[in-house]
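Down below is the structure, laid out as structure tokens.
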Amino acid sequence: MRVSVSSPPRLQSPFIHSPVSYTRSSSRLRSPATCYPRIKAEVDTNTVIAISVGVASVALGIGIPVFYETQIDNAAKRENTQPCFPCNGTGAQKCRLCVGSGNVTVELGGGEKEVSNCINCDGAGSLTCTTCQGSGLQPRYLDRREFKDDD
């Protein structure tokens with residue numbers, strides 16, 4: 001009695017260039033000349049753009065903080081001699097409430113006037129410059145910012 005052997009199954013896939021056939025004989029070794037199926041890789045322009053944007057985003061995400069850190073380090077090495085703009089290098093600004101006099105005059109009515117010490121500057125007529133914190137030197141841009149690590 002003879003047993004009929006059917007042909008081996010064939011696999012079809014849109015990613016495989018030629019169909020792969022399996023043989024039931026596992027004792028047979030493949031020779032180096034045996035050709036393996038090639039896998040087709042279809043890449044459209046949207047995929048290329050998405051990969052490019054991803055790589056650029058990672059590069060910028062790493063590059064920008066590194067750039068700022070190097071600029072802060074370089075600025076710390078340089079001497080700062082530029083006088084502060086708002087206070088002209090004095091470290092103090094004229095009080096805006098009393099206009100530098102230290103006294104505030106209030107008209108009460110009926111021709112009466114009351115003179116009192118300025119509550120903004122405590123009668124000094126000037127306040128510490130808020131830009132340079134009284135040093136008289138113009139702070140660099142990155143020195144004016146406080147970088148807090150919120151970890």
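Labels for the structure tokens follow display order: chains A, B, ..., residues from 1 in each chain, ligands from 1.
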
Pull the strand (DSSP E) assignments for range 66-136 of chain A out of DSSP run on the backbone, and list those residues as a PyMOL selection string.
chain A and resi 92-94+103-109+112-117+126-128

Excluding range 119-126 of chain A and its own-chain neighbours fewer than 5 positions away, which residues fall within 8 Å of it when counting only C-alpha atoms? Please give them as a list of chain:residue names.
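Using only C-alpha atoms, the neighbours found are A:Ala92, A:Gln93, A:Lys94, A:Cys95, A:Leu97, A:Cys98, A:Val99, A:Gly100, A:Ser101, A:Gly102, A:Asn103.
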
CA of Pro139 in chain A to CA of Gln71 in chain A: how many Å, to one decimal?
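CA of Gln71 in chain A lies 14.2 Å from CA of Pro139 in chain A.
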
Considering only C-alpha atoms, can you say which of A:Cys129, A:Gly61, A:Ile39, A:Ala50 comes closest to Thr90 in chain A?
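Using only C-alpha atoms, Thr90 in chain A sits closest to A:Cys129.
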
Between A:Leu127, A:Ala41, A:Val104, A:Ile49, smallest distance to Gly91 in chain A by only C-alpha atoms belongs to A:Leu127

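Comparing A:Pro86, A:Lys113, A:Ile72, A:Thr105 by their smallest distance to Gln133 in chain A, the closest is A:Pro86 (using only C-alpha atoms).
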
Report, in Å to a single decimal, how far apart CA of Arg96 in chain A and CA of Gly134 in chain A are.
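So the two atoms, CA of Gly134 in chain A and CA of Arg96 in chain A, lie 16.9 Å apart.
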
Step one, run DSSP on the backbone; step two, keep only residues of range 56-144 of chain A assigned to helix (DSSP H, G or I); then write them as a list of chain:residue names.
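Answer for range 56-144 of chain A restricted to helix (DSSP H, G or I) is A:Ala56, A:Ser57, A:Val58, A:Ala59, A:Leu60, A:Gly61, A:Ile62, A:Gly63, A:Ile64, A:Pro65, A:Val66, A:Phe67, A:Tyr68, A:Glu69, A:Thr70, A:Gln71, A:Ile72, A:Asp73, A:Asn74, A:Ala75, A:Ala76, A:Lys77, A:Leu142, A:Asp143, A:Arg144.
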